[in-house]
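Enquirer: Can you read through this structure? Questions will come right after.
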Amino acid sequence: MAHDTRIAADTVQPAGILPEVFREAVAQADVAISITDTAATILYVNPGFERVTGYSLAEARGQNQSLLSAKTTPPAVYTQLWATIGKGEPWSGRLVNRRRDGSEYLADLMITPVRDGDGRVANYLGIHRDITELHRLECQVCNQKALIESVVDSAPLAMALLDGERRVVLDNLQYKKLTSELGVGEAAKIILDAVRAEHGDTLGVPRDGAQAFADREIRIDREGGKAPRWFSCTGTWVRSVNAATYAFFGARDSIYLLLIAKEITQQRAQQEQARMAALQAMMAEENRVSGLRESLSAALFHMEGPMNVLASVVAMQGRRGQHDPTAAALGEALRAGQQALDTLRRATPDLIGESVSAANINELLRDVLDLATVRLLRAGIMVTWKPQATLPVIYGRPVRLRSMFKALVDNAIDAMNTKGWQRRELTVVTRSRAGSVEVLIEDSGPGIPPALHLKAFEPFFTTNPGGVRHAGTGLSMAQQVVADHEGIIEIDADYDSGCRMRVALPCQRENF
Ligand code: FAD
């Protein structure tokens, strides 16, 4: 033993450090250390080697290191081991070893070639430890990870873990699929924007286990005539250990947002069908009422002119003191006419009452396009629907807003649906602009001459005097509705391929 340890200590001894210290360090080290010749014949093993393998120095000395082989390590591993140390380079890896008592263990081995004074490899230093338990734990973690991943991936839910910068650090298959299907960037951003826009949720102060929001139903509109998709979303704060080295002795925990989105499009589609049926009935009633109002208003408007003339004549005759039968007849005609006007005014139905609520403009426009589908198809009009995926909520009167948009779409259809008109394209765009939601309704019809852009909003103005559908009150009604919502409606003067109506509605309004 004295001879063997001397070889090792002499070979590596730096100046000023006693060989005895090396001997004791090796002897007392809590790992299995062996020193061999270049054929792997054991010259020395430390007490740690005996603890790990069961072989004492006396039993191991003179034997090949293959004494430890359990004969299950693939030969290629040994070939690679020898090829490496044969070049004088260190090798490390894992081998299946067998102890003296026959039990197997997994060895984490490092072999370092030791050179003599001439620089030739004279010995090998082997250091190994039993990592059976560590390996078992690694496998357990791996298996659990695989199990969790397969459960998470097969769940019909999109899941993503977001860091403090709202970057996705972990996600499942469904989430990846959703992001690629939406095709407009990270799905998490679209979902969080929609939750904020539709429900006003801010994420609040992160607290482990707390919910930032729960069961929020959101709607994601898509371009190209694709049906919208609905999701029920929940955000939960979760704490996670930071694996970065800098965090080892510092603040190791970081808080993440676990975002879970469950698609509920199918359920919502059924609800939507029922809602559309109710809406159709409501719009039909509204159409009847507004048609009646429109006709009576037109009649009143047209009768008020001659009645005013008649009133002036009667007043003039009264001032001149004329009391002949003609004057009396005119006075009688005026009274009868005024009575008829009063009767018409009383017969004019009131607007259907509606209270203020949150309205999603994308939703209202989709309703309008759905309601107009039959007319659009019959007229052979190609529709391009370009909604911004999520829009801020508008506080207003959704029924009136919907009717207003319907009037604009009806106007566009009417403009293009004339005999011989070739280009029939309708484009509806929504986008949010500083504090407001903007809607563009473009048609490829003949357009309205710039000189009439302001006049077009006057009551009973029409570019189609022979038309039967409208008395020319659609745009004036639209202007009234937009004004009630403190918005702006205008005909885009820069658009010359037809008519483009631009409606801008403010998102948050006071004193409404
Ligand atoms: P072997 O016939 O010994 O060899 C397998 C392959 O290794 C052969 O294909 C051959 O190409 C190559 N080989 C073997 N000896 C040499 C050599 N002297 N020069 C070049 N190539 C050679 N093995 C373990 O299983 N467990 C251990 O804990 C372990 N510790 C080791 C510690 C040290 C310091 C060294 C140097 C080797 C150690 N070995 C260990 C490797 C061991 O020496 C054997 O090579 C291995 O156990 C395979 O033995 P075997 O009888 O199955 O096959």
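Ordering of the structure tokens sets the chain letters (A, B, ...), residue numbers begin anew at 1 in every chain, and ligands are numbered from 1 in the order given.
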Would you tabulate, counting only C-alpha atoms and all ligand atoms, all residues of chain A that have an atom at most 6 Å from an atom of ligand 1, showing the closest pair of atoms and their distance in Å to one decimal, sorted by chain then ascending number, as JSON lines?
Expert:
{"residue": "A:Thr36", "atom": "CA", "partner": "ligand 1", "partner_atom_place_in_ligand_line": "34 (C)", "distance": 5.6}
{"residue": "A:Ala39", "atom": "CA", "partner": "ligand 1", "partner_atom_place_in_ligand_line": "18 (N)", "distance": 3.8}
{"residue": "A:Ala40", "atom": "CA", "partner": "ligand 1", "partner_atom_place_in_ligand_line": "36 (C)", "distance": 4.2}
{"residue": "A:Asn64", "atom": "CA", "partner": "ligand 1", "partner_atom_place_in_ligand_line": "43 (O)", "distance": 5.9}
{"residue": "A:Gln65", "atom": "CA", "partner": "ligand 1", "partner_atom_place_in_ligand_line": "43 (O)", "distance": 4.4}
{"residue": "A:Ser66", "atom": "CA", "partner": "ligand 1", "partner_atom_place_in_ligand_line": "47 (O)", "distance": 3.3}
{"residue": "A:Leu68", "atom": "CA", "partner": "ligand 1", "partner_atom_place_in_ligand_line": "26 (N)", "distance": 4.8}
{"residue": "A:Ser69", "atom": "CA", "partner": "ligand 1", "partner_atom_place_in_ligand_line": "25 (O)", "distance": 3.4}
{"residue": "A:Lys71", "atom": "CA", "partner": "ligand 1", "partner_atom_place_in_ligand_line": "52 (O)", "distance": 5.9}
{"residue": "A:Pro75", "atom": "CA", "partner": "ligand 1", "partner_atom_place_in_ligand_line": "5 (C)", "distance": 5.9}
{"residue": "A:Tyr78", "atom": "CA", "partner": "ligand 1", "partner_atom_place_in_ligand_line": "7 (O)", "distance": 4.6}
{"residue": "A:Thr79", "atom": "CA", "partner": "ligand 1", "partner_atom_place_in_ligand_line": "7 (O)", "distance": 4.7}
{"residue": "A:Trp82", "atom": "CA", "partner": "ligand 1", "partner_atom_place_in_ligand_line": "21 (N)", "distance": 4.7}
{"residue": "A:Leu95", "atom": "CA", "partner": "ligand 1", "partner_atom_place_in_ligand_line": "26 (N)", "distance": 5.9}
{"residue": "A:Asn97", "atom": "CA", "partner": "ligand 1", "partner_atom_place_in_ligand_line": "26 (N)", "distance": 5.5}
{"residue": "A:Ile111", "atom": "CA", "partner": "ligand 1", "partner_atom_place_in_ligand_line": "34 (C)", "distance": 5.3}
{"residue": "A:Tyr124", "atom": "CA", "partner": "ligand 1", "partner_atom_place_in_ligand_line": "34 (C)", "distance": 4.7}
{"residue": "A:Leu125", "atom": "CA", "partner": "ligand 1", "partner_atom_place_in_ligand_line": "34 (C)", "distance": 5.1}
{"residue": "A:Gly126", "atom": "CA", "partner": "ligand 1", "partner_atom_place_in_ligand_line": "34 (C)", "distance": 4.0}
Enquirer: Based on the selection just made, write C-alpha atoms of those residues as a PDB file, in the first residue's frame.
Expert:
ATOM      1  CA  THR A  36      -4.485   1.773 -11.771  1.00  0.00           C
ATOM      2  CA  ALA A  39      -4.115  -1.700 -18.320  1.00  0.00           C
ATOM      3  CA  ALA A  40      -6.608  -0.783 -15.548  1.00  0.00           C
ATOM      4  CA  ASN A  64      -8.636  -5.351 -13.306  1.00  0.00           C
ATOM      5  CA  GLN A  65     -11.228  -2.649 -12.818  1.00  0.00           C
ATOM      6  CA  SER A  66     -13.538  -4.916 -14.829  1.00  0.00           C
ATOM      7  CA  LEU A  68     -16.708  -4.105 -10.926  1.00  0.00           C
ATOM      8  CA  SER A  69     -18.486  -4.572 -14.241  1.00  0.00           C
ATOM      9  CA  LYS A  71     -21.638  -6.978 -17.664  1.00  0.00           C
ATOM     10  CA  PRO A  75     -19.428  -2.544 -25.029  1.00  0.00           C
ATOM     11  CA  TYR A  78     -16.108   0.895 -22.801  1.00  0.00           C
ATOM     12  CA  THR A  79     -14.715   1.347 -26.314  1.00  0.00           C
ATOM     13  CA  TRP A  82     -10.707   3.566 -23.595  1.00  0.00           C
ATOM     14  CA  LEU A  95     -21.548   2.481 -15.749  1.00  0.00           C
ATOM     15  CA  ASN A  97     -21.349  -1.906 -11.511  1.00  0.00           C
ATOM     16  CA  ILE A 111     -11.144   8.701 -15.064  1.00  0.00           C
ATOM     17  CA  TYR A 124      -5.251   6.242 -14.307  1.00  0.00           C
ATOM     18  CA  LEU A 125      -7.048   7.849 -11.416  1.00  0.00           C
ATOM     19  CA  GLY A 126     -10.644   6.670 -11.097  1.00  0.00           C
TER      20      GLY A 126
END
Enquirer: Set the distance at 6 Å and use only C-alpha atoms: which residues neighbour segment 130-146 of chain A once local chain neighbours fewer than 5 positions away are removed? I'd like the list as number ranges by chain.
Expert: A: 105-107
Enquirer: According to DSSP computed on the backbone, where in segment 343-450 of chain A is there alpha helix (DSSP H)? Give the residues as a PyMOL selection string.
Expert: chain A and resi 343-347+361-371+373-378+398-416
Enquirer: For the selection just defined, write its residues with N, CA and C atoms to a file, as a compact mmCIF listing (two decimals), in the first residue's frame.
Expert:
# COMPACT_ATOMS: atom_id res chain seq x y z
N THR A 343 -103.37 64.56 -35.44
CA THR A 343 -103.71 63.12 -35.44
C THR A 343 -102.51 62.32 -35.93
N LEU A 344 -101.87 62.81 -37.00
CA LEU A 344 -100.69 62.09 -37.52
C LEU A 344 -99.57 62.05 -36.48
N ARG A 345 -99.35 63.20 -35.78
CA ARG A 345 -98.28 63.26 -34.76
C ARG A 345 -98.56 62.25 -33.66
N ARG A 346 -99.85 62.21 -33.22
CA ARG A 346 -100.19 61.27 -32.14
C ARG A 346 -100.03 59.83 -32.63
N ALA A 347 -100.28 59.60 -33.92
CA ALA A 347 -100.21 58.23 -34.46
C ALA A 347 -98.77 57.80 -34.68
N ILE A 361 -68.94 46.32 -30.46
CA ILE A 361 -69.26 46.76 -31.83
C ILE A 361 -69.07 45.63 -32.84
N ASN A 362 -68.04 44.79 -32.62
CA ASN A 362 -67.85 43.64 -33.52
C ASN A 362 -69.10 42.76 -33.52
N GLU A 363 -69.63 42.56 -32.32
CA GLU A 363 -70.80 41.69 -32.18
C GLU A 363 -72.01 42.30 -32.92
N LEU A 364 -72.20 43.61 -32.76
CA LEU A 364 -73.33 44.27 -33.41
C LEU A 364 -73.21 44.19 -34.93
N LEU A 365 -71.98 44.41 -35.43
CA LEU A 365 -71.79 44.38 -36.88
C LEU A 365 -71.97 42.97 -37.44
N ARG A 366 -71.49 41.98 -36.65
CA ARG A 366 -71.69 40.60 -37.12
C ARG A 366 -73.18 40.28 -37.17
N ASP A 367 -73.94 40.76 -36.18
CA ASP A 367 -75.40 40.57 -36.20
C ASP A 367 -75.97 41.17 -37.48
N VAL A 368 -75.51 42.40 -37.79
CA VAL A 368 -76.05 43.10 -38.96
C VAL A 368 -75.74 42.31 -40.23
N LEU A 369 -74.48 41.82 -40.33
CA LEU A 369 -74.10 41.06 -41.53
C LEU A 369 -74.89 39.74 -41.59
N ASP A 370 -75.08 39.11 -40.42
CA ASP A 370 -75.87 37.87 -40.40
C ASP A 370 -77.30 38.15 -40.87
N LEU A 371 -77.86 39.24 -40.35
CA LEU A 371 -79.24 39.57 -40.71
C LEU A 371 -79.37 39.92 -42.20
N THR A 373 -77.55 38.60 -44.58
CA THR A 373 -76.97 37.55 -45.43
C THR A 373 -77.81 37.27 -46.67
N VAL A 374 -79.12 37.11 -46.47
CA VAL A 374 -79.98 36.73 -47.60
C VAL A 374 -79.93 37.82 -48.67
N ARG A 375 -80.06 39.08 -48.26
CA ARG A 375 -80.03 40.19 -49.22
C ARG A 375 -78.69 40.26 -49.94
N LEU A 376 -77.60 40.06 -49.16
CA LEU A 376 -76.26 40.13 -49.75
C LEU A 376 -76.08 39.04 -50.79
N LEU A 377 -76.55 37.82 -50.46
CA LEU A 377 -76.41 36.70 -51.40
C LEU A 377 -77.23 36.96 -52.65
N ARG A 378 -78.47 37.41 -52.44
CA ARG A 378 -79.35 37.66 -53.60
C ARG A 378 -78.75 38.70 -54.53
N PRO A 398 -77.26 49.50 -27.48
CA PRO A 398 -76.90 48.53 -28.52
C PRO A 398 -77.97 48.36 -29.60
N VAL A 399 -79.24 48.42 -29.23
CA VAL A 399 -80.29 48.20 -30.24
C VAL A 399 -80.27 49.33 -31.27
N ARG A 400 -80.12 50.54 -30.78
CA ARG A 400 -80.10 51.69 -31.69
C ARG A 400 -78.84 51.67 -32.55
N LEU A 401 -77.71 51.30 -31.90
CA LEU A 401 -76.45 51.22 -32.68
C LEU A 401 -76.57 50.17 -33.77
N ARG A 402 -77.16 49.02 -33.41
CA ARG A 402 -77.31 47.95 -34.40
C ARG A 402 -78.18 48.42 -35.57
N SER A 403 -79.29 49.10 -35.24
CA SER A 403 -80.18 49.60 -36.30
C SER A 403 -79.44 50.60 -37.18
N MET A 404 -78.60 51.41 -36.53
CA MET A 404 -77.85 52.42 -37.28
C MET A 404 -76.91 51.74 -38.29
N PHE A 405 -76.15 50.72 -37.80
CA PHE A 405 -75.25 50.01 -38.71
C PHE A 405 -76.04 49.28 -39.79
N LYS A 406 -77.21 48.77 -39.42
CA LYS A 406 -78.03 48.05 -40.41
C LYS A 406 -78.45 49.02 -41.51
N ALA A 407 -78.82 50.25 -41.11
CA ALA A 407 -79.23 51.24 -42.11
C ALA A 407 -78.07 51.52 -43.07
N LEU A 408 -76.82 51.60 -42.53
CA LEU A 408 -75.67 51.89 -43.39
C LEU A 408 -75.40 50.72 -44.35
N VAL A 409 -75.51 49.50 -43.81
CA VAL A 409 -75.28 48.32 -44.66
C VAL A 409 -76.40 48.22 -45.71
N ASP A 410 -77.65 48.49 -45.30
CA ASP A 410 -78.76 48.46 -46.26
C ASP A 410 -78.53 49.48 -47.37
N ASN A 411 -78.07 50.68 -46.99
CA ASN A 411 -77.77 51.71 -48.00
C ASN A 411 -76.74 51.21 -48.99
N ALA A 412 -75.67 50.55 -48.45
CA ALA A 412 -74.60 50.05 -49.31
C ALA A 412 -75.15 49.00 -50.28
N ILE A 413 -75.99 48.10 -49.75
CA ILE A 413 -76.57 47.06 -50.62
C ILE A 413 -77.41 47.72 -51.71
N ASP A 414 -78.27 48.66 -51.30
CA ASP A 414 -79.14 49.34 -52.27
C ASP A 414 -78.32 50.01 -53.37
N ALA A 415 -77.18 50.64 -52.93
CA ALA A 415 -76.38 51.39 -53.90
C ALA A 415 -75.81 50.47 -54.98
N MET A 416 -75.43 49.24 -54.56
CA MET A 416 -74.78 48.33 -55.54
C MET A 416 -75.79 47.47 -56.28
Enquirer: Could you jot down the atom CA of Gly88 of chain A to atom CA of Ile35 of chain A separation for me, Å, one decimal place?
Expert: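 Value for the atom CA of Gly88 of chain A-atom CA of Ile35 of chain A distance: 15.2 Å.
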Enquirer: Ala336 of chain A: which residues within 12 Å, counting only C-alpha atoms, same-chain residues fewer than 5 positions away excluded, as number ranges by chain?
Expert: A: 307, 310-311, 329-331, 341-343
Enquirer: Keeping only all heavy atoms, write those residues as a PDB file, in the first residue's frame.
Expert:
ATOM      1  N   MET A 307     -99.300  73.702 -45.090  1.00  0.00           N
ATOM      2  CA  MET A 307    -100.101  74.153 -43.939  1.00  0.00           C
ATOM      3  C   MET A 307     -99.564  75.473 -43.407  1.00  0.00           C
ATOM      4  O   MET A 307    -100.328  76.346 -42.982  1.00  0.00           O
ATOM      5  CB  MET A 307    -100.064  73.090 -42.819  1.00  0.00           C
ATOM      6  CG  MET A 307    -100.935  71.878 -43.124  1.00  0.00           C
ATOM      7  SD  MET A 307    -102.673  72.315 -43.305  1.00  0.00           S
ATOM      8  CE  MET A 307    -103.060  72.798 -41.666  1.00  0.00           C
ATOM      9  N   LEU A 310    -100.797  78.110 -45.680  1.00  0.00           N
ATOM     10  CA  LEU A 310    -102.210  78.356 -45.406  1.00  0.00           C
ATOM     11  C   LEU A 310    -102.371  79.191 -44.131  1.00  0.00           C
ATOM     12  O   LEU A 310    -103.157  80.150 -44.084  1.00  0.00           O
ATOM     13  CB  LEU A 310    -102.932  76.993 -45.265  1.00  0.00           C
ATOM     14  CG  LEU A 310    -104.434  77.022 -45.133  1.00  0.00           C
ATOM     15  CD1 LEU A 310    -105.092  77.721 -46.319  1.00  0.00           C
ATOM     16  CD2 LEU A 310    -104.994  75.590 -45.028  1.00  0.00           C
ATOM     17  N   ALA A 311    -101.585  78.850 -43.096  1.00  0.00           N
ATOM     18  CA  ALA A 311    -101.664  79.584 -41.829  1.00  0.00           C
ATOM     19  C   ALA A 311    -101.301  81.051 -42.040  1.00  0.00           C
ATOM     20  O   ALA A 311    -101.935  81.950 -41.475  1.00  0.00           O
ATOM     21  CB  ALA A 311    -100.725  78.938 -40.800  1.00  0.00           C
ATOM     22  N   ALA A 329    -113.751  79.850 -45.108  1.00  0.00           N
ATOM     23  CA  ALA A 329    -113.472  78.489 -45.605  1.00  0.00           C
ATOM     24  C   ALA A 329    -112.002  78.150 -45.404  1.00  0.00           C
ATOM     25  O   ALA A 329    -111.650  77.033 -44.999  1.00  0.00           O
ATOM     26  CB  ALA A 329    -113.834  78.399 -47.085  1.00  0.00           C
ATOM     27  N   LEU A 330    -111.116  79.191 -45.667  1.00  0.00           N
ATOM     28  CA  LEU A 330    -109.687  78.947 -45.474  1.00  0.00           C
ATOM     29  C   LEU A 330    -109.368  78.653 -44.005  1.00  0.00           C
ATOM     30  O   LEU A 330    -108.586  77.765 -43.662  1.00  0.00           O
ATOM     31  CB  LEU A 330    -108.876  80.165 -45.940  1.00  0.00           C
ATOM     32  CG  LEU A 330    -108.677  80.289 -47.464  1.00  0.00           C
ATOM     33  CD1 LEU A 330    -107.911  81.582 -47.800  1.00  0.00           C
ATOM     34  CD2 LEU A 330    -107.904  79.093 -47.998  1.00  0.00           C
ATOM     35  N   GLY A 331    -110.037  79.440 -43.118  1.00  0.00           N
ATOM     36  CA  GLY A 331    -109.847  79.228 -41.668  1.00  0.00           C
ATOM     37  C   GLY A 331    -110.276  77.835 -41.282  1.00  0.00           C
ATOM     38  O   GLY A 331    -109.585  77.150 -40.499  1.00  0.00           O
ATOM     39  N   LEU A 341    -102.906  67.050 -38.824  1.00  0.00           N
ATOM     40  CA  LEU A 341    -101.476  66.957 -38.454  1.00  0.00           C
ATOM     41  C   LEU A 341    -101.313  66.422 -37.043  1.00  0.00           C
ATOM     42  O   LEU A 341    -100.465  65.570 -36.766  1.00  0.00           O
ATOM     43  CB  LEU A 341    -100.804  68.331 -38.563  1.00  0.00           C
ATOM     44  CG  LEU A 341    -100.446  68.807 -39.976  1.00  0.00           C
ATOM     45  CD1 LEU A 341     -99.742  70.172 -39.909  1.00  0.00           C
ATOM     46  CD2 LEU A 341     -99.536  67.828 -40.687  1.00  0.00           C
ATOM     47  N   ASP A 342    -102.152  66.944 -36.118  1.00  0.00           N
ATOM     48  CA  ASP A 342    -102.087  66.476 -34.717  1.00  0.00           C
ATOM     49  C   ASP A 342    -102.365  64.983 -34.647  1.00  0.00           C
ATOM     50  O   ASP A 342    -101.714  64.251 -33.900  1.00  0.00           O
ATOM     51  CB  ASP A 342    -103.094  67.237 -33.845  1.00  0.00           C
ATOM     52  CG  ASP A 342    -102.587  68.658 -33.563  1.00  0.00           C
ATOM     53  OD1 ASP A 342    -101.374  68.886 -33.824  1.00  0.00           O
ATOM     54  OD2 ASP A 342    -103.382  69.515 -33.123  1.00  0.00           O
ATOM     55  N   THR A 343    -103.371  64.561 -35.445  1.00  0.00           N
ATOM     56  CA  THR A 343    -103.710  63.123 -35.444  1.00  0.00           C
ATOM     57  C   THR A 343    -102.511  62.316 -35.925  1.00  0.00           C
ATOM     58  O   THR A 343    -102.153  61.293 -35.346  1.00  0.00           O
ATOM     59  CB  THR A 343    -104.922  62.857 -36.375  1.00  0.00           C
ATOM     60  OG1 THR A 343    -105.955  63.767 -36.014  1.00  0.00           O
ATOM     61  CG2 THR A 343    -105.411  61.431 -36.243  1.00  0.00           C
TER      62      THR A 343
END
Enquirer: Show which residues sit within 10 Å of Phe213 of chain A, as a CSV table (one decimal) with N, CA and C atoms, in the first residue's frame. Count only C-alpha atoms, and ignore same-chain residues fewer than 2 positions away.
Expert:
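Output (part-v5.csv):
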chain,number,residue,atom,x,y,z
A,195,VAL,N,-60.0,39.9,-22.3
A,195,VAL,CA,-60.5,39.9,-21.0
A,195,VAL,C,-60.5,41.3,-20.4
A,196,ARG,N,-59.5,42.1,-20.7
A,196,ARG,CA,-59.4,43.5,-20.2
A,196,ARG,C,-60.5,44.3,-20.9
A,199,HIS,N,-64.2,42.8,-20.1
A,199,HIS,CA,-64.7,42.7,-18.7
A,199,HIS,C,-64.0,43.7,-17.8
A,201,ASP,N,-61.1,43.7,-16.6
A,201,ASP,CA,-60.2,43.1,-15.6
A,201,ASP,C,-58.8,43.6,-15.8
A,202,THR,N,-58.2,44.1,-14.7
A,202,THR,CA,-56.8,44.3,-14.7
A,202,THR,C,-56.3,43.1,-13.9
A,203,LEU,N,-55.0,42.8,-14.0
A,203,LEU,CA,-54.6,41.5,-13.4
A,203,LEU,C,-54.4,41.6,-11.9
A,204,GLY,N,-54.3,42.8,-11.4
A,204,GLY,CA,-54.2,43.0,-9.9
A,204,GLY,C,-52.8,42.6,-9.4
A,210,ALA,N,-53.8,32.9,-5.9
A,210,ALA,CA,-54.9,33.8,-6.2
A,210,ALA,C,-55.3,33.8,-7.6
A,211,GLN,N,-56.6,34.1,-7.9
A,211,GLN,CA,-57.0,34.1,-9.3
A,211,GLN,C,-57.0,35.6,-9.7
A,215,ASP,N,-63.3,32.4,-15.1
A,215,ASP,CA,-64.5,32.0,-16.0
A,215,ASP,C,-64.9,33.2,-16.8
A,216,ARG,N,-64.0,34.0,-17.3
A,216,ARG,CA,-64.4,35.1,-18.2
A,216,ARG,C,-64.6,34.7,-19.6
A,233,CYS,N,-62.2,31.8,-19.9
A,233,CYS,CA,-60.7,32.0,-19.5
A,233,CYS,C,-60.6,32.2,-18.0
A,234,THR,N,-59.5,31.6,-17.5
A,234,THR,CA,-59.2,31.8,-16.1
A,234,THR,C,-57.7,32.0,-16.0
A,235,GLY,N,-57.3,33.0,-15.1
A,235,GLY,CA,-55.9,33.3,-14.9
A,235,GLY,C,-55.6,33.1,-13.4
A,236,THR,N,-54.6,32.3,-13.1
A,236,THR,CA,-54.2,32.0,-11.7
A,236,THR,C,-52.7,32.3,-11.5
A,237,TRP,N,-52.4,33.0,-10.4
A,237,TRP,CA,-51.0,33.2,-10.1
A,237,TRP,C,-50.4,32.0,-9.5
A,259,LEU,N,-52.5,30.8,-17.5
A,259,LEU,CA,-53.6,31.1,-18.3
A,259,LEU,C,-54.3,29.9,-18.9
Enquirer: Running DSSP on the backbone, which parts of segment 244-279 of chain A land in strand (DSSP E), as a count of residues only?
Expert: 11
Enquirer: May I ask which of the residues A:Phe249, A:Ala389, A:Ala243, A:Asp37 is the closest one to Lys189 of chain A, counting only C-alpha atoms?
Expert: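 Between A:Phe249, A:Ala389, A:Ala243, A:Asp37, the residue approaching Lys189 of chain A most closely is A:Ala389.
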Enquirer: Determine, counting only C-alpha atoms, which protein, DNA and RNA residues have an atom within 10 Å of an atom of Val168 of chain A; residues of the same chain fewer than 3 positions away are not included. Present the result as a CSV table (one decimal) with N, CA, C and O atoms, in the first residue's frame.
Expert:
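What ended up in part-v1.csv:
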chain,number,residue,atom,x,y,z
A,159,MET,N,-53.3,26.0,-22.4
A,159,MET,CA,-52.7,26.5,-21.2
A,159,MET,C,-51.3,27.1,-21.5
A,159,MET,O,-50.6,26.6,-22.4
A,160,ALA,N,-51.1,28.2,-20.8
A,160,ALA,CA,-49.8,28.9,-21.0
A,160,ALA,C,-49.4,29.5,-19.7
A,160,ALA,O,-50.2,30.0,-19.0
A,161,LEU,N,-48.1,29.4,-19.4
A,161,LEU,CA,-47.5,30.0,-18.2
A,161,LEU,C,-46.8,31.3,-18.7
A,161,LEU,O,-45.9,31.2,-19.5
A,162,LEU,N,-47.1,32.4,-18.1
A,162,LEU,CA,-46.5,33.7,-18.5
A,162,LEU,C,-45.7,34.3,-17.4
A,162,LEU,O,-46.1,34.2,-16.2
A,163,ASP,N,-44.5,34.8,-17.8
A,163,ASP,CA,-43.6,35.4,-16.8
A,163,ASP,C,-44.1,36.9,-16.5
A,163,ASP,O,-45.1,37.3,-17.1
A,164,GLY,N,-43.3,37.6,-15.7
A,164,GLY,CA,-43.6,38.9,-15.3
A,164,GLY,C,-43.7,39.9,-16.5
A,164,GLY,O,-44.4,40.9,-16.4
A,165,GLU,N,-43.0,39.5,-17.6
A,165,GLU,CA,-43.1,40.4,-18.8
A,165,GLU,C,-44.2,39.9,-19.7
A,165,GLU,O,-44.3,40.3,-20.9
A,171,ASP,N,-46.0,26.1,-22.4
A,171,ASP,CA,-47.4,26.0,-23.0
A,171,ASP,C,-47.7,24.6,-23.4
A,171,ASP,O,-46.8,23.7,-23.4
A,186,GLU,N,-49.3,36.0,-30.5
A,186,GLU,CA,-49.4,35.1,-29.3
A,186,GLU,C,-50.9,35.1,-28.8
A,186,GLU,O,-51.4,36.2,-28.6
A,187,ALA,N,-51.4,33.9,-28.7
A,187,ALA,CA,-52.8,33.8,-28.2
A,187,ALA,C,-53.0,34.4,-26.9
A,187,ALA,O,-54.1,35.0,-26.6
A,188,ALA,N,-52.0,34.3,-26.0
A,188,ALA,CA,-52.1,34.8,-24.6
A,188,ALA,C,-52.4,36.3,-24.6
A,188,ALA,O,-53.2,36.8,-23.8
A,189,LYS,N,-51.7,37.0,-25.5
A,189,LYS,CA,-51.9,38.5,-25.6
A,189,LYS,C,-53.3,38.8,-26.0
A,189,LYS,O,-54.0,39.7,-25.4
A,256,TYR,N,-45.8,33.5,-11.6
A,256,TYR,CA,-46.2,33.4,-13.0
A,256,TYR,C,-47.7,33.4,-13.1
A,256,TYR,O,-48.4,33.1,-12.1
A,257,LEU,N,-48.2,33.8,-14.3
A,257,LEU,CA,-49.6,33.7,-14.5
A,257,LEU,C,-50.0,32.5,-15.3
A,257,LEU,O,-49.5,32.4,-16.4
A,258,LEU,N,-50.8,31.6,-14.7
A,258,LEU,CA,-51.2,30.4,-15.5
A,258,LEU,C,-52.5,30.7,-16.2
A,258,LEU,O,-53.5,31.0,-15.5
A,259,LEU,N,-52.5,30.8,-17.5
A,259,LEU,CA,-53.6,31.1,-18.3
A,259,LEU,C,-54.3,29.9,-18.9
A,259,LEU,O,-53.6,29.1,-19.5
Enquirer: Could you work out how far atom CA of Asp484 of chain A lies from atom CA of Leu351 of chain A, giving the answer in Å with one decimal?
Expert: 13.6 Å
